[in-house]
$ cat upload.cif   # mmCIF, C-alpha atoms
data_coords
loop_
_atom_site.label_atom_id
_atom_site.label_comp_id
_atom_site.auth_asym_id
_atom_site.auth_seq_id
_atom_site.Cartn_x
_atom_site.Cartn_y
_atom_site.Cartn_z
CA MET A 513 18.73 -1.10 -12.23
CA LYS A 514 15.32 0.25 -11.23
CA ALA A 515 12.22 -1.42 -9.84
CA VAL A 516 8.78 0.03 -10.50
CA ILE A 517 6.09 -0.81 -7.94
CA LEU A 518 2.35 -0.27 -8.36
CA ALA A 519 0.99 1.41 -5.24
CA GLY A 520 -2.06 3.37 -6.33
CA GLY A 521 -5.05 1.02 -6.31
CA LEU A 522 -8.08 1.25 -4.01
CA GLY A 523 -7.77 -2.23 -2.49
CA THR A 524 -11.54 -2.62 -2.14
CA ARG A 525 -11.35 -6.29 -1.08
CA ILE A 526 -9.47 -5.32 2.06
CA SER A 527 -11.41 -2.15 2.83
CA GLU A 528 -11.10 -2.81 6.56
CA GLU A 529 -7.56 -1.46 6.18
CA THR A 530 -7.59 0.65 3.03
CA HIS A 531 -10.16 3.22 4.12
CA LEU A 532 -7.26 4.88 5.95
CA ARG A 533 -4.24 4.15 3.73
CA PRO A 534 -3.29 2.69 0.35
CA LYS A 535 -3.03 -1.07 0.22
CA PRO A 536 0.80 -1.23 -0.02
CA MET A 537 0.98 0.70 3.27
CA ILE A 538 -0.88 -1.99 5.22
CA GLU A 539 1.59 -3.19 7.82
CA ILE A 540 3.01 -6.68 8.28
CA GLY A 541 5.10 -6.90 11.42
CA GLY A 542 4.90 -3.15 11.89
CA LYS A 543 6.32 -2.39 8.44
CA PRO A 544 4.35 -1.49 5.29
CA MET A 545 3.90 -4.16 2.64
CA LEU A 546 5.73 -1.79 0.32
CA TRP A 547 8.77 -1.89 2.62
CA HIS A 548 8.82 -5.71 2.52
CA ILE A 549 8.75 -5.72 -1.30
CA MET A 550 11.53 -3.16 -1.49
CA LYS A 551 13.62 -5.20 0.95
CA ILE A 552 13.25 -8.25 -1.32
CA TYR A 553 14.67 -6.35 -4.29
CA SER A 554 17.30 -4.62 -2.16
CA ALA A 555 18.60 -8.02 -1.03
CA TYR A 556 19.66 -8.51 -4.67
CA GLY A 557 21.24 -5.07 -5.04
CA VAL A 558 18.25 -3.28 -6.56
CA ASN A 559 17.97 -0.02 -4.62
CA ASP A 560 16.51 2.47 -7.10
CA PHE A 561 12.70 2.49 -6.89
CA VAL A 562 9.90 4.23 -8.75
CA ILE A 563 6.62 4.06 -6.84
CA CYS A 564 3.37 4.57 -8.77
CA CYS A 565 1.17 6.42 -6.29
CA GLY A 566 -2.53 7.10 -6.59
CA TYR A 567 -5.18 6.57 -3.92
CA LYS A 568 -4.01 8.30 -0.72
CA GLY A 569 -0.55 8.67 -2.21
CA TYR A 570 0.30 11.35 0.36
CA VAL A 571 0.52 8.56 2.98
CA ILE A 572 3.39 6.99 1.03
CA LYS A 573 5.08 10.36 0.57
CA GLU A 574 4.81 11.10 4.28
CA TYR A 575 6.30 7.71 5.16
CA PHE A 576 9.45 8.27 3.12
CA ALA A 577 9.71 11.97 3.98
CA ASN A 578 9.83 10.97 7.65
CA TYR A 579 11.57 7.62 7.28
CA PHE A 580 13.86 8.16 10.27
CA LEU A 581 10.86 8.98 12.46
CA HIS A 582 9.21 5.72 11.46
CA MET A 583 12.32 3.56 11.82
CA SER A 584 14.34 5.05 14.69
CA ASP A 585 14.12 6.20 18.29
CA VAL A 586 13.87 9.99 18.59
CA THR A 587 14.06 12.62 21.31
CA PHE A 588 12.12 15.87 20.98
CA ASP A 589 13.53 18.81 22.93
CA ILE A 590 10.38 20.93 22.94
CA ALA A 591 11.87 23.89 24.80
CA ASN A 592 14.72 24.28 22.33
CA ASN A 593 12.82 23.12 19.24
CA ARG A 594 15.28 20.32 18.48
CA MET A 595 14.94 16.71 17.44
CA SER A 596 17.59 14.05 17.91
CA VAL A 597 17.48 10.75 16.03
CA HIS A 598 19.05 7.75 17.79
CA GLU A 599 20.39 4.64 16.05
CA LYS A 600 19.40 5.69 12.56
CA HIS A 601 18.13 2.81 10.45
CA ALA A 602 18.70 3.86 6.87
CA GLU A 603 18.38 1.90 3.64
CA PRO A 604 20.56 2.44 0.54
CA TRP A 605 17.48 3.40 -1.41
CA ARG A 606 16.66 6.08 -3.93
CA VAL A 607 12.88 6.41 -4.06
CA THR A 608 10.95 8.37 -6.70
CA LEU A 609 7.27 8.84 -5.85
CA VAL A 610 5.06 9.59 -8.87
CA ASP A 611 1.41 10.63 -8.70
CA THR A 612 -0.16 8.43 -11.39
CA GLY A 613 -3.78 9.40 -10.69
CA ASP A 614 -6.52 7.98 -8.52
CA ASP A 615 -8.44 6.20 -11.30
CA THR A 616 -5.61 5.14 -13.61
CA MET A 617 -5.42 1.46 -14.54
CA THR A 618 -2.36 -0.73 -13.99
CA GLY A 619 -0.92 -0.26 -17.47
CA GLY A 620 -1.68 3.44 -17.39
CA ARG A 621 0.26 3.81 -14.14
CA LEU A 622 3.28 2.15 -15.70
CA GLY A 623 2.92 4.42 -18.72
CA ARG A 624 2.96 7.49 -16.51
CA VAL A 625 6.42 6.67 -15.14
CA ARG A 626 7.95 6.29 -18.62
CA PRO A 627 10.31 9.29 -18.11
CA TYR A 628 11.96 7.50 -15.20
CA VAL A 629 12.67 4.18 -16.95
CA GLN A 630 12.76 4.86 -20.70
CA ASP A 631 16.56 5.12 -20.75
CA GLU A 632 17.12 1.89 -18.82
CA GLU A 633 18.27 -1.26 -20.58
CA LEU A 634 15.82 -3.25 -18.45
CA PHE A 635 13.76 -2.65 -15.32
CA PHE A 636 11.80 -4.62 -12.76
CA PHE A 637 8.05 -4.16 -12.32
CA THR A 638 5.71 -5.60 -9.71
CA TYR A 639 2.56 -5.11 -7.69
CA GLY A 640 2.50 -3.50 -4.26
CA ASP A 641 0.54 -6.26 -2.57
CA GLY A 642 2.51 -9.49 -2.99
CA VAL A 643 5.63 -11.01 -1.45
CA SER A 644 7.75 -13.96 -2.52
CA ASP A 645 11.12 -15.64 -2.09
CA VAL A 646 11.65 -15.47 -5.85
CA ASP A 647 15.33 -15.43 -6.81
CA ILE A 648 15.66 -12.03 -8.49
CA ALA A 649 19.21 -12.75 -9.67
CA ALA A 650 18.17 -16.02 -11.32
CA GLN A 651 15.18 -14.30 -12.87
CA MET A 652 17.40 -11.62 -14.39
CA ALA A 653 19.80 -14.25 -15.74
CA PHE A 654 16.84 -16.08 -17.29
CA HIS A 655 15.56 -12.87 -18.87
CA ARG A 656 18.92 -12.06 -20.43
CA SER A 657 19.24 -15.63 -21.74
CA HIS A 658 16.06 -15.59 -23.83
CA GLY A 659 16.35 -12.11 -25.31
CA LYS A 660 12.62 -11.36 -25.38
CA LEU A 661 11.02 -8.09 -24.26
CA ALA A 662 9.37 -9.35 -21.09
CA THR A 663 9.57 -11.97 -18.38
CA ILE A 664 6.66 -12.79 -16.09
CA THR A 665 7.02 -14.77 -12.87
CA ALA A 666 4.71 -17.79 -13.01
CA VAL A 667 3.65 -19.05 -9.59
CA GLN A 668 1.35 -21.70 -8.17
CA PRO A 669 -1.17 -20.01 -5.86
CA PRO A 670 -1.53 -21.39 -2.35
CA GLY A 671 -4.70 -23.33 -1.57
CA ARG A 672 -7.37 -21.33 0.19
CA TYR A 673 -8.94 -24.16 2.15
CA GLY A 674 -7.73 -27.22 3.98
CA ALA A 675 -8.25 -30.53 2.19
CA LEU A 676 -9.25 -34.01 3.25
CA ARG A 677 -6.85 -36.92 2.94
CA THR A 678 -8.96 -39.93 2.02
CA ASP A 679 -8.69 -43.65 1.39
CA GLY A 680 -11.73 -44.37 -0.70
CA LEU A 681 -14.55 -42.83 1.31
CA ALA A 682 -12.70 -43.09 4.62
CA VAL A 683 -11.11 -39.89 5.87
CA SER A 684 -7.57 -40.62 7.03
CA GLY A 685 -6.47 -37.09 7.87
CA PHE A 686 -6.37 -33.46 6.89
CA MET A 687 -4.00 -31.29 4.88
CA GLU A 688 -3.72 -27.64 5.84
CA LYS A 689 -4.17 -25.48 2.72
CA PRO A 690 -2.32 -27.63 0.15
CA PRO A 691 -1.13 -26.03 -3.12
CA GLY A 692 -3.66 -25.30 -5.83
CA ASP A 693 -4.53 -27.49 -8.80
CA GLY A 694 -1.10 -27.15 -10.38
CA GLY A 695 -2.00 -24.28 -12.71
CA LEU A 696 0.37 -21.34 -12.83
CA ILE A 697 -0.75 -17.72 -12.52
CA ASN A 698 0.71 -14.26 -12.93
CA GLY A 699 2.75 -13.62 -9.79
CA GLY A 700 4.04 -10.19 -10.78
CA PHE A 701 7.80 -9.67 -10.39
CA PHE A 702 8.33 -8.84 -14.07
CA VAL A 703 11.51 -7.97 -15.93
CA LEU A 704 10.77 -5.60 -18.82
CA SER A 705 12.40 -3.79 -21.68
CA PRO A 706 11.32 -0.12 -21.92
CA LYS A 707 10.00 -1.08 -25.37
CA CYS A 708 7.05 -2.68 -23.57
CA LEU A 709 5.85 0.83 -22.72
CA ASP A 710 5.03 1.39 -26.40
CA LEU A 711 2.09 -1.01 -25.95
CA ILE A 712 0.43 1.24 -23.36
CA GLU A 713 -2.20 3.43 -24.97
CA GLY A 714 -3.22 5.61 -22.03
CA ASP A 715 -4.53 5.77 -18.48
CA SER A 716 -7.30 3.27 -19.22
CA THR A 717 -4.88 0.54 -20.31
CA VAL A 718 -5.00 -2.54 -18.10
CA TRP A 719 -1.51 -4.06 -18.08
CA GLU A 720 -2.78 -7.64 -17.80
CA LEU A 721 -5.42 -7.40 -20.55
CA GLY A 722 -3.66 -5.25 -23.12
CA PRO A 723 0.15 -5.12 -23.19
CA LEU A 724 0.73 -8.55 -21.61
CA SER A 725 -1.62 -10.22 -24.05
CA ARG A 726 0.01 -8.52 -27.01
CA LEU A 727 3.48 -9.47 -25.78
CA ALA A 728 2.35 -13.08 -25.58
CA GLU A 729 0.76 -12.97 -29.04
CA ASN A 730 3.97 -11.51 -30.47
CA GLY A 731 6.14 -14.20 -28.86
CA GLU A 732 7.86 -11.63 -26.63
CA LEU A 733 6.78 -12.92 -23.20
CA MET A 734 8.59 -15.67 -21.32
CA ALA A 735 7.67 -17.27 -17.98
CA PHE A 736 10.12 -17.61 -15.12
CA GLU A 737 8.66 -20.48 -13.13
CA HIS A 738 8.82 -20.06 -9.36
CA ARG A 739 7.72 -22.98 -7.20
CA GLY A 740 8.70 -21.41 -3.89
CA PHE A 741 6.74 -19.11 -1.63
CA TRP A 742 4.38 -16.52 -3.07
CA GLN A 743 1.44 -14.79 -1.46
CA ALA A 744 -0.72 -11.86 -2.47
CA MET A 745 -2.55 -9.78 0.14
CA ASP A 746 -6.02 -9.32 -1.30
CA THR A 747 -8.08 -9.96 1.83
CA LEU A 748 -7.89 -9.46 5.57
CA ARG A 749 -7.52 -13.21 5.92
CA GLU A 750 -4.40 -13.17 3.77
CA LYS A 751 -3.05 -10.17 5.65
CA ASN A 752 -3.45 -12.02 8.92
CA ALA A 753 -1.77 -15.12 7.47
CA LEU A 754 1.26 -13.04 6.45
CA GLU A 755 1.30 -11.44 9.89
CA GLU A 756 1.39 -14.88 11.51
CA LEU A 757 4.29 -15.96 9.30
CA TRP A 758 6.24 -12.82 10.16
CA SER A 759 5.55 -13.23 13.88
CA SER A 760 6.81 -16.80 13.74
CA GLY A 761 10.27 -15.52 12.83
CA ALA A 762 10.34 -17.68 9.70
CA ALA A 763 8.68 -15.51 7.04
CA PRO A 764 9.66 -17.21 3.73
CA TRP A 765 9.96 -13.90 1.85
CA LYS A 766 12.52 -12.49 4.31
CA VAL A 767 15.49 -13.08 2.03
CA TRP A 768 17.49 -10.21 3.52
CA ARG A 769 19.63 -10.11 6.64
CA SER A 770 18.28 -8.16 9.60
#
$ encode --input "upload.cif" --output "structure tokens"
Amino acid sequence: MKAVILAGGLGTRISEETHLRPKPMIEIGGKPMLWHIMKIYSAYGVNDFVICCGYKGYVIKEYFANYFLHMSDVTFDIANNRMSVHEKHAEPWRVTLVDTGDDTMTGGRLGRVRPYVQDEELFFFTYGDGVSDVDIAAQMAFHRSHGKLATITAVQPPGRYGALRTDGLAVSGFMEKPPGDGGLINGGFFVLSPKCLDLIEGDSTVWELGPLSRLAENGELMAFEHRGFWQAMDTLREKNALEELWSSGAAPWKVWRS
């Protein structure tokens, strides 16, 4: 089964990083965000990826074209024009990189990769800037059980600020970034039938405003509720928070073995 990942947006809210590279190539623990997302899917046996490139897409192409250089120790024998790769770290991945345009909207990008997924029974689809410990196998089982065209992962966003613990007007303590107000939001990590692509009208289609809304109106969208870890990387603050989690050695989204 294939997983389609959006990787072409400008990432203007984290421009400190994205003026040099596309947002999914921002590194957490020395590895691109895109790599972390692919490792999540790969942990569940999904190893065939379609990457929707756009803004600075050549950076993504260069990364995979020189994957061994990025992931392994190498020796360059300049005099003899030879390169030796030591302890190759390979992944069982097949990666298709598709130029979906610099200004194409989210739905339009998905529409542009139709030739690569239209013959699939189902496929996964997600954003290139969010990680989670969502159970992909359980999500797929849920999707097959309801028989609708689409499944969206519903998540509770983390709180942005610390909160006061009070007893009346007396402050008794502090809570560090408690969960949000209980409302669920679109966390990405979709499971889709290729029939969903018929709802995409062109490059200007916004996936969230057009096709998703129509799927919901038609009773073809179901929510897989995930109460575990989920975090998008929209700002430098969130990037740094993910970096701290990775450095701690206990990153919740690291569902794969080293």
$ resolve_selection --input "upload.cif" --expression "the PyMOL selection byres ((chain A and resi 515-520) around 8)" --output "number ranges by chain"
A: 513-514, 521-522, 534-536, 546, 553, 558-569, 612-614, 618, 621-622, 635-640
$ residues_near_point --input "upload.cif" --point "(21.0, -0.7, 8.1)" --cutoff "12 Å" --atoms "all atoms listed in the file" --output "number ranges by chain"
A: 551, 554-555, 580, 583-584, 599-605, 768-770
$ atom_distance --input "upload.cif" --atom1 "CA of Pro764 (chain A)" --atom2 "CA of Val571 (chain A)"
27.4 Å
$ closest_atom_pairs --input "upload.cif" --of "region 739-770 of chain A" --to "region 696-703 of chain A" --cutoff "12 Å" --atoms "all atoms listed in the file" --output "JSON lines"
{"residue": "A:Arg739", "atom": "CA", "partner": "A:Leu696", "partner_atom": "CA", "distance": 9.4}
{"residue": "A:Gly740", "atom": "CA", "partner": "A:Gly699", "partner_atom": "CA", "distance": 11.4}
{"residue": "A:Phe741", "atom": "CA", "partner": "A:Gly699", "partner_atom": "CA", "distance": 10.6}
{"residue": "A:Trp742", "atom": "CA", "partner": "A:Gly699", "partner_atom": "CA", "distance": 7.5}
{"residue": "A:Gln743", "atom": "CA", "partner": "A:Gly699", "partner_atom": "CA", "distance": 8.5}
{"residue": "A:Ala744", "atom": "CA", "partner": "A:Gly699", "partner_atom": "CA", "distance": 8.3}
{"residue": "A:Met745", "atom": "CA", "partner": "A:Gly699", "partner_atom": "CA", "distance": 11.9}
$ atom_distance --input "upload.cif" --atom1 "CA of Cys708 (chain A)" --atom2 "CA of Gln668 (chain A)"
25.1 Å
$ atom_distance --input "upload.cif" --atom1 "CA of Arg656 (chain A)" --atom2 "CA of Val767 (chain A)"
22.7 Å
$ resolve_selection --input "upload.cif" --expression "the PyMOL selection byres ((chain A and resi 719-724) around 8)" --output "PyMOL selection string"
chain A and resi 617-620+708+711-712+717-718+725-728+733
$ closest_residue --input "upload.cif" --among "A:Gln651, A:Gly761, A:Ala753, A:Ser705" --to "His738 (chain A)" --atoms "all atoms listed in the file"
A:Gln651
$ closest_residue --input "upload.cif" --among "A:Leu748, A:Val667, A:Val597, A:Met537" --to "Asp645 (chain A)" --atoms "only C-alpha atoms"
A:Val667
$ closest_residue --input "upload.cif" --among "A:Gly731, A:Lys543, A:Gly523, A:Ser644" --to "Pro670 (chain A)" --atoms "only C-alpha atoms"
A:Ser644
$ closest_residue --input "upload.cif" --among "A:Ser716, A:Tyr556, A:Asp589, A:Tyr579" --to "Ala649 (chain A)" --atoms "all atoms listed in the file"
A:Tyr556
$ closest_residue --input "upload.cif" --among "A:Arg624, A:Arg525, A:Arg594, A:His548" --to "Glu755 (chain A)" --atoms "only C-alpha atoms"
A:His548
$ closest_residue --input "upload.cif" --among "A:Gly623, A:Phe576, A:Asp585, A:Asp746" --to "Glu713 (chain A)" --atoms "all atoms listed in the file"
A:Gly623
